[in-house]
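J.: Got a structure for you, start21.pdb, holding PDB, N, CA and C atoms.
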ATOM      1  N   MET A   1     118.198  67.915  93.175
ATOM      2  CA  MET A   1     118.171  68.193  91.772
ATOM      3  C   MET A   1     117.001  69.141  91.506
ATOM      4  N   VAL A   2     117.231  70.125  90.696
ATOM      5  CA  VAL A   2     116.246  71.163  90.437
ATOM      6  C   VAL A   2     115.679  70.984  89.029
ATOM      7  N   ASN A   3     114.383  71.053  88.932
ATOM      8  CA  ASN A   3     113.735  71.060  87.626
ATOM      9  C   ASN A   3     113.594  72.504  87.175
ATOM     10  N   TYR A   4     113.839  72.753  85.895
ATOM     11  CA  TYR A   4     113.692  74.098  85.348
ATOM     12  C   TYR A   4     112.487  74.122  84.417
ATOM     13  N   TYR A   5     111.713  75.205  84.532
ATOM     14  CA  TYR A   5     110.543  75.387  83.687
ATOM     15  C   TYR A   5     110.776  76.610  82.817
ATOM     16  N   ASN A   6     110.324  76.533  81.587
ATOM     17  CA  ASN A   6     110.463  77.636  80.659
ATOM     18  C   ASN A   6     109.205  78.509  80.762
ATOM     19  N   ILE A   7     109.351  79.654  81.404
ATOM     20  CA  ILE A   7     108.231  80.569  81.596
ATOM     21  C   ILE A   7     108.611  81.911  80.995
ATOM     22  N   ALA A   8     107.812  82.375  80.056
ATOM     23  CA  ALA A   8     108.038  83.650  79.358
ATOM     24  C   ALA A   8     109.437  83.708  78.753
ATOM     25  N   GLY A   9     109.917  82.593  78.249
ATOM     26  CA  GLY A   9     111.204  82.553  77.577
ATOM     27  C   GLY A   9     112.397  82.472  78.506
ATOM     28  N   ARG A  10     112.174  82.307  79.784
ATOM     29  CA  ARG A  10     113.289  82.208  80.735
ATOM     30  C   ARG A  10     113.197  80.889  81.482
ATOM     31  N   LYS A  11     114.327  80.366  81.883
ATOM     32  CA  LYS A  11     114.347  79.153  82.694
ATOM     33  C   LYS A  11     114.240  79.549  84.157
ATOM     34  N   ILE A  12     113.229  78.987  84.827
ATOM     35  CA  ILE A  12     112.994  79.301  86.232
ATOM     36  C   ILE A  12     112.982  77.990  86.998
ATOM     37  N   GLY A  13     113.750  77.946  88.085
ATOM     38  CA  GLY A  13     113.856  76.740  88.899
ATOM     39  C   GLY A  13     112.595  76.487  89.704
ATOM     40  N   SER A  14     112.377  75.215  89.991
ATOM     41  CA  SER A  14     111.171  74.834  90.726
ATOM     42  C   SER A  14     111.171  75.419  92.131
ATOM     43  N   HIS A  15     112.334  75.588  92.738
ATOM     44  CA  HIS A  15     112.383  76.147  94.085
ATOM     45  C   HIS A  15     111.981  77.630  94.076
ATOM     46  N   HIS A  16     112.284  78.343  93.001
ATOM     47  CA  HIS A  16     111.848  79.743  92.882
ATOM     48  C   HIS A  16     110.334  79.824  92.693
ATOM     49  N   LEU A  17     109.794  78.917  91.926
ATOM     50  CA  LEU A  17     108.342  78.886  91.746
ATOM     51  C   LEU A  17     107.637  78.601  93.075
ATOM     52  N   ALA A  18     108.177  77.654  93.841
ATOM     53  CA  ALA A  18     107.570  77.316  95.122
ATOM     54  C   ALA A  18     107.630  78.502  96.079
ATOM     55  N   MET A  19     108.767  79.206  96.142
ATOM     56  CA  MET A  19     108.884  80.362  97.024
ATOM     57  C   MET A  19     107.931  81.474  96.597
ATOM     58  N   GLY A  20     107.780  81.675  95.295
ATOM     59  CA  GLY A  20     106.862  82.698  94.809
ATOM     60  C   GLY A  20     105.412  82.385  95.135
ATOM     61  N   ILE A  21     105.034  81.132  94.970
ATOM     62  CA  ILE A  21     103.652  80.734  95.276
ATOM     63  C   ILE A  21     103.373  80.855  96.765
ATOM     64  N   LEU A  22     104.288  80.374  97.607
ATOM     65  CA  LEU A  22     104.085  80.464  99.051
ATOM     66  C   LEU A  22     104.085  81.915  99.531
ATOM     67  N   GLY A  23     104.981  82.727  98.980
ATOM     68  CA  GLY A  23     105.014  84.143  99.347
ATOM     69  C   GLY A  23     103.728  84.855  98.966
ATOM     70  N   GLY A  24     103.221  84.573  97.780
ATOM     71  CA  GLY A  24     101.956  85.167  97.351
ATOM     72  C   GLY A  24     100.784  84.694  98.185
ATOM     73  N   LEU A  25     100.795  83.426  98.539
ATOM     74  CA  LEU A  25      99.715  82.869  99.360
ATOM     75  C   LEU A  25      99.685  83.518 100.736
ATOM     76  N   PHE A  26     100.831  83.529 101.429
ATOM     77  CA  PHE A  26     100.864  84.091 102.780
ATOM     78  C   PHE A  26     100.695  85.609 102.757
ATOM     79  N   GLY A  27     101.204  86.264 101.722
ATOM     80  CA  GLY A  27     100.993  87.708 101.597
ATOM     81  C   GLY A  27      99.519  88.037 101.388
ATOM     82  N   GLY A  28      98.838  87.247 100.584
ATOM     83  CA  GLY A  28      97.409  87.455 100.363
ATOM     84  C   GLY A  28      96.596  87.199 101.608
ATOM     85  N   ILE A  29      96.963  86.172 102.357
ATOM     86  CA  ILE A  29      96.257  85.884 103.609
ATOM     87  C   ILE A  29      96.458  87.028 104.594
ATOM     88  N   TYR A  30      97.676  87.555 104.677
ATOM     89  CA  TYR A  30      97.948  88.669 105.587
ATOM     90  C   TYR A  30      97.122  89.894 105.207
ATOM     91  N   LEU A  31      97.089  90.235 103.940
ATOM     92  CA  LEU A  31      96.326  91.410 103.509
ATOM     93  C   LEU A  31      94.828  91.217 103.713
ATOM     94  N   ALA A  32      94.338  90.025 103.475
ATOM     95  CA  ALA A  32      92.908  89.768 103.634
ATOM     96  C   ALA A  32      92.488  89.788 105.098
ATOM     97  N   SER A  33      93.361  89.345 105.990
ATOM     98  CA  SER A  33      92.985  89.285 107.401
ATOM     99  C   SER A  33      93.304  90.562 108.159
ATOM    100  N   SER A  34      94.047  91.490 107.544
ATOM    101  CA  SER A  34      94.395  92.722 108.255
ATOM    102  C   SER A  34      93.210  93.660 108.364
ATOM    103  N   GLY A  35      92.240  93.557 107.480
ATOM    104  CA  GLY A  35      91.047  94.388 107.562
ATOM    105  C   GLY A  35      91.307  95.810 107.106
ATOM    106  N   GLY A  36      90.248  96.577 107.048
ATOM    107  CA  GLY A  36      90.366  97.965 106.633
ATOM    108  C   GLY A  36      90.542  98.887 107.819
ATOM    109  N   SER A  37      90.782 100.134 107.518
ATOM    110  CA  SER A  37      90.922 101.107 108.582
ATOM    111  C   SER A  37      89.547 101.532 109.073
ATOM    112  N   LYS A  38      89.483 101.897 110.327
ATOM    113  CA  LYS A  38      88.209 102.321 110.902
ATOM    114  C   LYS A  38      87.941 103.763 110.491
ATOM    115  N   LYS A  39      86.726 104.010 110.081
ATOM    116  CA  LYS A  39      86.339 105.361 109.717
ATOM    117  C   LYS A  39      85.776 106.058 110.946
ATOM    118  N   GLN A  40      86.220 107.277 111.164
ATOM    119  CA  GLN A  40      85.734 108.026 112.306
ATOM    120  C   GLN A  40      84.359 108.595 111.993
ATOM    121  N   VAL A  41      83.498 108.548 112.989
ATOM    122  CA  VAL A  41      82.157 109.072 112.833
ATOM    123  C   VAL A  41      82.235 110.587 113.022
ATOM    124  N   GLN A  42      81.737 111.302 112.050
ATOM    125  CA  GLN A  42      81.783 112.757 112.122
ATOM    126  C   GLN A  42      80.486 113.250 112.755
ATOM    127  N   THR A  43      80.617 113.983 113.853
ATOM    128  CA  THR A  43      79.458 114.502 114.556
ATOM    129  C   THR A  43      79.157 115.909 114.060
ATOM    130  N   PRO A  44      77.926 116.325 114.182
ATOM    131  CA  PRO A  44      77.592 117.686 113.762
ATOM    132  C   PRO A  44      78.264 118.709 114.677
ATOM    133  N   PRO A  45      78.498 119.915 114.188
ATOM    134  CA  PRO A  45      79.172 120.918 115.012
ATOM    135  C   PRO A  45      78.292 121.351 116.190
ATOM    136  N   ILE A  46      78.955 121.735 117.265
ATOM    137  CA  ILE A  46      78.242 122.207 118.453
ATOM    138  C   ILE A  46      78.110 123.720 118.334
ATOM    139  N   ASN A  47      76.873 124.211 118.287
ATOM    140  CA  ASN A  47      76.627 125.648 118.184
ATOM    141  C   ASN A  47      76.299 126.186 119.570
ATOM    142  N   ALA A  48      77.336 126.372 120.370
ATOM    143  CA  ALA A  48      77.146 126.849 121.735
ATOM    144  C   ALA A  48      77.307 128.363 121.775
ATOM    145  N   GLY A  49      76.619 128.990 122.741
ATOM    146  CA  GLY A  49      76.697 130.438 122.895
ATOM    147  C   GLY A  49      77.952 130.874 123.618
ATOM    148  N   SER A  50      78.552 129.977 124.431
ATOM    149  CA  SER A  50      79.759 130.332 125.179
ATOM    150  C   SER A  50      80.646 129.097 125.322
ATOM    151  N   LYS A  51      81.872 129.319 125.795
ATOM    152  CA  LYS A  51      82.807 128.207 125.996
ATOM    153  C   LYS A  51      82.311 127.280 127.109
ATOM    154  N   ASP A  52      81.684 127.845 128.135
ATOM    155  CA  ASP A  52      81.158 127.017 129.230
ATOM    156  C   ASP A  52      80.064 126.080 128.732
ATOM    157  N   GLU A  53      79.197 126.602 127.888
ATOM    158  CA  GLU A  53      78.119 125.777 127.343
ATOM    159  C   GLU A  53      78.681 124.668 126.462
ATOM    160  N   GLU A  54      79.686 125.002 125.662
ATOM    161  CA  GLU A  54      80.317 124.004 124.789
ATOM    162  C   GLU A  54      80.979 122.910 125.617
ATOM    163  N   LYS A  55      81.686 123.294 126.689
ATOM    164  CA  LYS A  55      82.341 122.316 127.563
ATOM    165  C   LYS A  55      81.302 121.418 128.236
ATOM    166  N   PHE A  56      80.181 121.993 128.671
ATOM    167  CA  PHE A  56      79.113 121.214 129.301
ATOM    168  C   PHE A  56      78.550 120.181 128.318
ATOM    169  N   ILE A  57      78.316 120.604 127.078
ATOM    170  CA  ILE A  57      77.769 119.682 126.067
ATOM    171  C   ILE A  57      78.746 118.553 125.785
ATOM    172  N   GLN A  58      80.039 118.879 125.642
ATOM    173  CA  GLN A  58      81.043 117.849 125.369
ATOM    174  C   GLN A  58      81.149 116.868 126.532
ATOM    175  N   ASP A  59      81.143 117.378 127.773
ATOM    176  CA  ASP A  59      81.192 116.488 128.940
ATOM    177  C   ASP A  59      79.964 115.599 129.011
ATOM    178  N   PHE A  60      78.796 116.151 128.696
ATOM    179  CA  PHE A  60      77.568 115.370 128.699
ATOM    180  C   PHE A  60      77.623 114.254 127.655
ATOM    181  N   LEU A  61      78.098 114.581 126.451
ATOM    182  CA  LEU A  61      78.194 113.564 125.397
ATOM    183  C   LEU A  61      79.170 112.461 125.778
ATOM    184  N   LYS A  62      80.289 112.823 126.418
ATOM    185  CA  LYS A  62      81.248 111.806 126.857
ATOM    186  C   LYS A  62      80.647 110.895 127.917
ATOM    187  N   SER A  63      79.865 111.469 128.835
ATOM    188  CA  SER A  63      79.265 110.642 129.882
ATOM    189  C   SER A  63      78.213 109.697 129.295
ATOM    190  N   VAL A  64      77.459 110.153 128.305
ATOM    191  CA  VAL A  64      76.455 109.300 127.670
ATOM    192  C   VAL A  64      77.135 108.167 126.897
ATOM    193  N   GLU A  65      78.226 108.477 126.198
ATOM    194  CA  GLU A  65      78.960 107.427 125.473
ATOM    195  C   GLU A  65      79.522 106.400 126.438
ATOM    196  N   GLY A  66      80.028 106.851 127.598
ATOM    197  CA  GLY A  66      80.557 105.927 128.599
ATOM    198  C   GLY A  66      79.484 105.002 129.136
ATOM    199  N   GLU A  67      78.266 105.528 129.345
ATOM    200  CA  GLU A  67      77.166 104.700 129.818
ATOM    201  C   GLU A  67      76.752 103.670 128.769
ATOM    202  N   GLN A  68      76.750 104.079 127.504
ATOM    203  CA  GLN A  68      76.366 103.153 126.432
ATOM    204  C   GLN A  68      77.380 102.032 126.299
ATOM    205  N   LYS A  69      78.676 102.347 126.441
ATOM    206  CA  LYS A  69      79.699 101.311 126.343
ATOM    207  C   LYS A  69      79.611 100.351 127.521
ATOM    208  N   ALA A  70      79.239 100.877 128.688
ATOM    209  CA  ALA A  70      79.139 100.024 129.893
ATOM    210  C   ALA A  70      77.976  99.052 129.763
ATOM    211  N   GLN A  71      76.907  99.446 129.074
ATOM    212  CA  GLN A  71      75.741  98.579 128.914
ATOM    213  C   GLN A  71      75.992  97.451 127.931
ATOM    214  N   HIS A  72      76.894  97.630 126.981
ATOM    215  CA  HIS A  72      77.146  96.603 125.949
ATOM    216  C   HIS A  72      78.225  95.736 126.417
TER     217      HIS A  72
END
When written as C-alpha cells, how does the structure in this file appear?

T.:
Amino acid sequence: MVNYYNIAGRKIGSHHLAMGILGGLFGGIYLASSGGSKKQVQTPPINAGSKDEEKFIQDFLKSVEGEQKAQH
C-alpha cells in the first residue's frame, strides 16, 4: 500500500520520495568523492640558443624529476 503526500499541489507516492532521496544521497556522495581535476603546473619557457641546447635542458629536467619521484 502506498502513502501519497501532497507536495507543491501534487500527490506524490512514498516510493517516489524514497527513490528521490536515495538518488540524491548517492549522487551527492559520488560527486563529493570524485574530487577535482588536477591542474597542470606551468613551467617557464626555455630560452635556448639552439634545438640541441633545448633538447639537453628538457632531458636534464626529466632526469631530475625521475630522481625526485624515486626518492619519495

J.: Provide the atom CA of A:Ser33 to atom CA of A:Gly20 distance in Å, to one decimal place.

T.: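 Between atom CA of A:Ser33 and atom CA of A:Gly20 the gap is 19.9 Å.
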
J.: For A:Ile46, please output as a VMD selection string all residues within 9 Å (counting only C-alpha atoms; exclusion window: fewer than 4 positions along the same chain).

T.: chain A and resid 54 57 to 58

J.: Could you give me the residues within chain A that DSSP places in helix (DSSP H, G or I), as a ChimeraX atom specification?

T.: /A:14-34,51-71

J.: For a test of reading the model, state the distance in Å between atom C of A:Tyr4 and atom CA of A:Tyr30, rounded to one decimal.

T.: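 One can read the atom C of A:Tyr4 to atom CA of A:Tyr30 distance as 29.5 Å.
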
J.: Expressed in Å to a single decimal, how great is the separation between atom N of A:Leu17 and atom C of A:Met1?

T.: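 Between atom N of A:Leu17 and atom C of A:Met1 the gap works out to 12.2 Å.
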
J.: Please report, as AutoDock Vina command-line options, the centre and edge lengths in Å to one decimal of an axis-aligned box covering all listed atoms of stretch 60-72 of chain A with 5 Å per side.

T.:
--center_x 78.5 --center_y 105.9 --center_z 127.6 --size_x 15.5 --size_y 30.4 --size_z 14.5

J.: From chain A, collect each residue whose DSSP state is strand (DSSP E) and return the set as a list of chain:residue names.

T.: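 DSSP on the backbone gives strand (DSSP E) at A:Tyr4, A:Tyr5, A:Asn6, A:Ile7, A:Arg10, A:Lys11, A:Ile12, A:Gly13.
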